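The next block is final16.tsv, given as TSV, C-alpha atoms.
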```
chain	number	residue	atom	x	y	z
A	884	MET	CA	19.05	-14.36	0.76
A	885	SER	CA	19.52	-11.24	2.82
A	886	GLU	CA	22.63	-9.14	2.35
A	887	ASN	CA	24.35	-10.27	5.56
A	888	ASN	CA	24.15	-13.95	4.48
A	889	ARG	CA	21.45	-14.70	7.01
A	890	LYS	CA	18.45	-16.70	5.90
A	891	GLU	CA	15.37	-14.75	4.92
A	892	VAL	CA	11.76	-15.87	5.26
A	893	VAL	CA	8.70	-14.02	4.00
A	894	PHE	CA	5.17	-14.63	5.22
A	895	LEU	CA	2.43	-13.59	2.79
A	896	PRO	CA	-0.92	-13.54	4.57
A	897	TYR	CA	-3.82	-11.84	2.87
A	898	LYS	CA	-6.60	-11.91	5.46
A	899	ALA	CA	-5.77	-10.91	9.00
A	900	SER	CA	-8.44	-13.29	10.28
A	901	ALA	CA	-6.40	-16.22	8.88
A	902	TRP	CA	-3.09	-15.07	10.41
A	903	ASN	CA	-3.42	-17.78	13.09
A	904	SER	CA	-2.48	-20.39	10.47
A	905	LEU	CA	0.90	-18.73	9.83
A	906	GLU	CA	1.54	-17.29	13.28
A	907	PRO	CA	3.13	-20.41	14.86
A	908	ALA	CA	5.65	-20.67	12.00
A	909	TRP	CA	6.26	-16.92	12.25
A	910	ARG	CA	6.93	-17.20	16.00
A	911	ALA	CA	9.38	-20.05	15.39
A	912	ALA	CA	11.18	-18.08	12.67
A	913	CYS	CA	11.37	-14.97	14.86
A	914	ALA	CA	12.88	-17.03	17.68
A	915	ASP	CA	15.65	-18.35	15.42
A	916	PRO	CA	18.59	-15.90	15.34
A	917	GLU	CA	19.65	-17.12	11.89
A	918	TRP	CA	16.51	-15.82	10.19
A	919	ASP	CA	15.43	-12.39	9.02
A	920	VAL	CA	11.64	-12.47	9.07
A	921	TYR	CA	9.22	-10.38	7.01
A	922	VAL	CA	5.43	-10.32	7.19
A	923	ILE	CA	4.01	-8.82	4.04
A	924	PRO	CA	0.21	-8.76	3.94
A	925	VAL	CA	-0.88	-8.92	0.32
A	926	PRO	CA	-3.80	-7.14	-1.26
A	927	TYR	CA	-6.77	-9.15	-2.42
A	928	TYR	CA	-9.95	-8.60	-4.39
A	929	TYR	CA	-13.48	-9.87	-4.44
A	930	ARG	CA	-14.57	-10.97	-7.90
A	931	ASN	CA	-17.47	-9.77	-10.00
A	932	LEU	CA	-19.78	-12.40	-11.49
A	933	ASP	CA	-17.80	-12.26	-14.74
A	934	GLY	CA	-14.58	-13.09	-12.85
A	935	SER	CA	-13.07	-9.62	-13.07
A	936	LEU	CA	-11.53	-8.14	-9.94
A	937	ARG	CA	-13.38	-5.52	-7.88
A	938	ASP	CA	-11.88	-2.94	-5.53
A	939	MET	CA	-8.64	-3.89	-3.85
A	940	GLN	CA	-8.78	-4.93	-0.16
A	941	TYR	CA	-5.78	-4.63	2.15
A	942	GLU	CA	-5.69	-5.72	5.80
A	943	GLY	CA	-2.11	-4.86	6.77
A	944	ASN	CA	-3.39	-2.57	9.51
A	945	LEU	CA	-5.48	-5.35	11.12
A	946	PHE	CA	-2.62	-7.56	12.31
A	947	PRO	CA	-1.57	-7.72	15.96
A	948	ASP	CA	0.75	-4.94	17.11
A	949	SER	CA	3.42	-7.56	17.82
A	950	VAL	CA	3.73	-8.25	14.10
A	951	THR	CA	6.03	-5.91	12.20
A	952	ILE	CA	4.50	-5.35	8.79
A	953	THR	CA	6.47	-4.73	5.60
A	954	ASP	CA	4.59	-2.96	2.81
A	955	TYR	CA	4.10	-5.19	-0.21
A	956	ASN	CA	5.28	-2.39	-2.52
A	957	SER	CA	8.60	-1.96	-0.72
A	958	TYR	CA	9.92	-5.53	-0.69
A	959	ASP	CA	11.97	-6.30	-3.81
A	960	PHE	CA	11.24	-9.99	-4.45
A	961	PRO	CA	13.43	-10.41	-7.56
A	962	ASN	CA	16.53	-8.92	-5.94
A	963	ARG	CA	16.04	-10.20	-2.40
A	964	HIS	CA	15.06	-13.73	-3.47
A	965	PRO	CA	14.08	-14.94	0.04
A	966	ASP	CA	15.09	-18.45	1.06
A	967	VAL	CA	11.52	-19.31	2.02
A	968	ILE	CA	8.11	-17.84	1.22
A	969	LEU	CA	5.08	-19.05	3.20
A	970	ILE	CA	1.56	-18.64	1.83
A	971	HIS	CA	-1.87	-19.59	3.09
A	972	ASN	CA	-3.85	-18.88	-0.07
A	973	PRO	CA	-3.29	-21.64	-2.65
A	974	TYR	CA	-5.90	-20.65	-5.23
A	975	ASP	CA	-4.10	-18.25	-7.59
A	976	ASP	CA	-6.69	-17.38	-10.24
A	977	CYS	CA	-8.94	-20.39	-9.53
A	978	ASN	CA	-11.10	-18.97	-6.72
A	979	LEU	CA	-14.45	-17.75	-8.04
A	980	THR	CA	-15.09	-15.26	-5.22
A	981	THR	CA	-11.70	-13.77	-4.25
A	982	SER	CA	-8.17	-13.43	-5.57
A	983	VAL	CA	-4.94	-12.22	-4.09
A	984	HIS	CA	-3.14	-9.69	-6.27
A	985	PRO	CA	-1.86	-11.66	-9.30
A	986	PHE	CA	1.76	-10.86	-8.43
A	987	PHE	CA	1.30	-13.10	-5.37
A	988	TYR	CA	0.05	-16.16	-7.26
A	989	SER	CA	2.15	-19.23	-6.54
A	990	LYS	CA	3.07	-19.50	-10.23
A	991	ASN	CA	4.83	-16.14	-9.89
A	992	LEU	CA	6.24	-16.52	-6.37
A	993	GLN	CA	8.03	-19.78	-7.07
A	994	GLN	CA	10.53	-17.94	-9.26
A	995	TYR	CA	11.54	-15.66	-6.35
A	996	THR	CA	12.41	-18.27	-3.72
A	997	GLU	CA	14.21	-21.51	-3.15
A	998	LYS	CA	11.29	-22.90	-1.14
A	999	LEU	CA	7.63	-22.05	-1.46
A	1000	VAL	CA	5.65	-23.39	1.51
A	1001	TYR	CA	1.88	-23.63	1.77
A	1002	ILE	CA	0.11	-23.86	5.12
A	1003	PRO	CA	-3.70	-24.20	4.91
A	1004	TYR	CA	-5.55	-21.37	6.62
A	1005	PHE	CA	-8.14	-23.81	7.92
A	1006	ILE	CA	-8.30	-27.04	9.88
A	1007	THR	CA	-10.74	-29.65	8.65
A	1008	ASP	CA	-12.16	-32.74	10.25
A	1009	GLU	CA	-9.91	-35.73	9.71
A	1010	ILE	CA	-10.73	-37.42	6.41
A	1011	GLU	CA	-11.41	-41.14	6.33
A	1012	PRO	CA	-10.65	-42.85	3.00
A	1013	ASP	CA	-14.25	-44.14	2.77
A	1014	ASP	CA	-15.81	-40.71	3.42
A	1015	THR	CA	-16.76	-40.05	-0.20
A	1016	ARG	CA	-18.18	-36.58	0.48
A	1017	ALA	CA	-15.00	-35.37	2.21
A	1018	VAL	CA	-12.79	-36.90	-0.47
A	1019	TYR	CA	-14.96	-35.30	-3.18
A	1020	ASN	CA	-14.67	-31.90	-1.49
A	1021	MET	CA	-10.87	-32.15	-1.45
A	1022	ARG	CA	-10.94	-31.16	-5.13
A	1023	TYR	CA	-11.74	-27.62	-4.04
A	1024	TYR	CA	-8.58	-27.14	-1.98
A	1025	VAL	CA	-6.09	-29.99	-2.39
A	1026	SER	CA	-5.57	-29.67	-6.15
A	1027	ALA	CA	-5.28	-25.87	-5.97
A	1028	PRO	CA	-2.29	-24.36	-7.80
A	1029	GLY	CA	-0.46	-23.32	-4.62
A	1030	VAL	CA	-0.58	-26.88	-3.29
A	1031	ILE	CA	0.66	-28.30	-6.58
A	1032	ARG	CA	3.46	-25.71	-6.96
A	1033	ALA	CA	4.60	-25.53	-3.34
A	1034	ASP	CA	7.86	-27.19	-2.44
A	1035	LYS	CA	6.36	-28.15	0.93
A	1036	VAL	CA	2.78	-28.37	2.15
A	1037	LEU	CA	2.35	-28.42	5.93
A	1038	VAL	CA	-0.85	-30.19	6.98
A	1039	GLN	CA	-2.47	-30.75	10.37
A	1040	SER	CA	-1.92	-34.48	10.95
A	1041	GLU	CA	-0.56	-37.74	9.58
A	1042	LYS	CA	-4.10	-38.80	8.62
A	1043	MET	CA	-4.56	-35.57	6.65
A	1044	ARG	CA	-1.13	-36.04	5.07
A	1045	MET	CA	-2.17	-39.46	3.78
A	1046	ALA	CA	-5.49	-38.06	2.54
A	1047	TYR	CA	-3.61	-35.36	0.56
A	1048	ILE	CA	-1.14	-37.90	-0.83
A	1049	ASP	CA	-3.91	-40.30	-1.87
A	1050	TYR	CA	-6.02	-37.56	-3.42
A	1051	LEU	CA	-3.12	-35.98	-5.33
A	1052	THR	CA	-1.88	-39.37	-6.54
A	1053	THR	CA	-5.34	-40.11	-7.93
A	1054	PHE	CA	-5.53	-36.58	-9.38
A	1055	ALA	CA	-2.10	-36.54	-11.04
A	1056	GLY	CA	-1.32	-40.22	-11.58
A	1057	GLU	CA	0.21	-43.11	-9.69
A	1058	ASP	CA	3.69	-42.19	-10.95
A	1059	THR	CA	3.51	-38.94	-8.93
A	1060	LYS	CA	3.02	-40.56	-5.52
A	1061	ASP	CA	6.68	-40.14	-4.51
A	1062	VAL	CA	6.46	-36.39	-5.26
A	1063	TRP	CA	3.47	-35.95	-2.94
A	1064	THR	CA	4.94	-38.23	-0.28
A	1065	GLU	CA	8.00	-35.98	-0.06
A	1066	LYS	CA	6.15	-32.68	-0.45
A	1067	ILE	CA	3.25	-33.17	1.98
A	1068	VAL	CA	4.41	-33.16	5.62
A	1069	VAL	CA	2.82	-32.84	9.03
A	1070	SER	CA	3.23	-29.30	10.26
A	1071	PRO	CA	5.46	-28.91	13.30
A	1072	PHE	CA	3.59	-25.63	13.99
A	1073	ARG	CA	0.11	-26.91	14.84
```
For the file at hand, write its structure as structure tokens.
Amino acid sequence: MSENNRKEVVFLPYKASAWNSLEPAWRAACADPEWDVYVIPVPYYYRNLDGSLRDMQYEGNLFPDSVTITDYNSYDFPNRHPDVILIHNPYDDCNLTTSVHPFFYSKNLQQYTEKLVYIPYFITDEIEPDDTRAVYNMRYYVSAPGVIRADKVLVQSEKMRMAYIDYLTTFAGEDTKDVWTEKIVVSPFR
């Protein structure tokens, strides 16, 4: 929490081209006088074929001028312990082509906040329960570490919420359905 007892929210985009997924939540936070808002673009890497990380990429200079950027090296996560952290990359070390800097993996971030929130950086077609191809493809993004570890996951619609809940219940076991039902919510920002 910030020093003046106001709430603090940190947005952690990595690609400027995906900022539109976080921007509505950022606008809402900026409009709320109780929140101190930080946008901290995080570095990312493309992977070599062996999985090792190549040269670091950083897109902090590609965001709209209206977005005040905080350098990722200057924000003290352990001491500031923001109330909320929002991410749009759920993959941690599981993506075969890219990776955010390992400090920004959900398994690390969850220790620095009271609420880790994941908002997908993409919108998909609505998934019908009998669409076996779409359900099969959910394994690539719904069971990602950031989805599993997030305290809240904000999805595009009630139909998508149910698809996530059904998939994750099948993935993790019927006894986990209540966890997903509470965690997966329809985003008020879409």
Interatomic distance between CA of Ile970 (chain A) and CA of Met1045 (chain A)? 21.2 Å
Non-local contacts of Asp1013 (chain A) (12 Å; all atoms listed in the file; under 6 positions in same chain excluded) as a PDB file with C-alpha atoms, in the frame of the given file:
```pdb
ATOM      1  CA  TYR A1019     -14.960 -35.300  -3.180  1.00  0.00           C
ATOM      2  CA  ALA A1046      -5.490 -38.060   2.540  1.00  0.00           C
ATOM      3  CA  ASP A1049      -3.910 -40.300  -1.870  1.00  0.00           C
TER       4      ASP A1049
END
```
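The shortest atom-to-atom distance to Asn888 (chain A), with all atoms listed in the file taken into account, belongs to A:Asp919 out of A:Asp938, A:Asp1014, A:Asp1034, A:Asp919.
Here the question is which of A:Tyr941, A:Phe960, A:Tyr974, A:Tyr1001 gets nearest to Tyr1024 (chain A) using only C-alpha atoms, and that residue is A:Tyr974.
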Contacts of region 976-1056 of chain A with region 891-909 of chain A up to 7 Å, shortest pair per row, only C-alpha atoms, as a tab-separated table:
```
residue	atom	partner	partner_atom	distance
A:Ile1002	CA	A:Ser904	CA	6.9
A:Pro1003	CA	A:Ser904	CA	6.8
A:Tyr1004	CA	A:Ser904	CA	5.0
```
Could you write out the selected residues, including C-alpha atoms, as a PDB file, in the frame of the given file?
```pdb
ATOM      1  CA  ILE A1002       0.110 -23.860   5.120  1.00  0.00           C
ATOM      2  CA  PRO A1003      -3.700 -24.200   4.910  1.00  0.00           C
ATOM      3  CA  TYR A1004      -5.550 -21.370   6.620  1.00  0.00           C
TER       4      TYR A1004
END
```
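In this model, the gap between CA of Ala1055 (chain A) and CA of Met1021 (chain A) comes to 13.7 Å.
Of the residues under consideration (A:Thr1053, A:Thr996, A:Thr953, A:Asn972), A:Thr996 shows the shortest atom-to-atom contact distance to Lys890 (chain A) when counting all atoms listed in the file.
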Distance CA of His971 (chain A)-CA of Val1036 (chain A), one decimal place? 10.0 Å
Shortest contact to Thr981 (chain A), candidates A:Arg1022, A:Arg937, A:Lys1066, A:Arg1032, atoms counted all atoms listed in the file, goes to A:Arg937
So, with all atoms listed in the file as the atoms that count, which of A:Glu997, A:Asp976, A:Glu1041, A:Glu1011 lies closest to Ser1070 (chain A)? A:Glu1041
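When only C-alpha atoms are used to measure the gap to Ile1067 (chain A), the shortest distance among A:Arg889, A:Tyr958, A:Phe1054, A:Ile1031 belongs to A:Ile1031.
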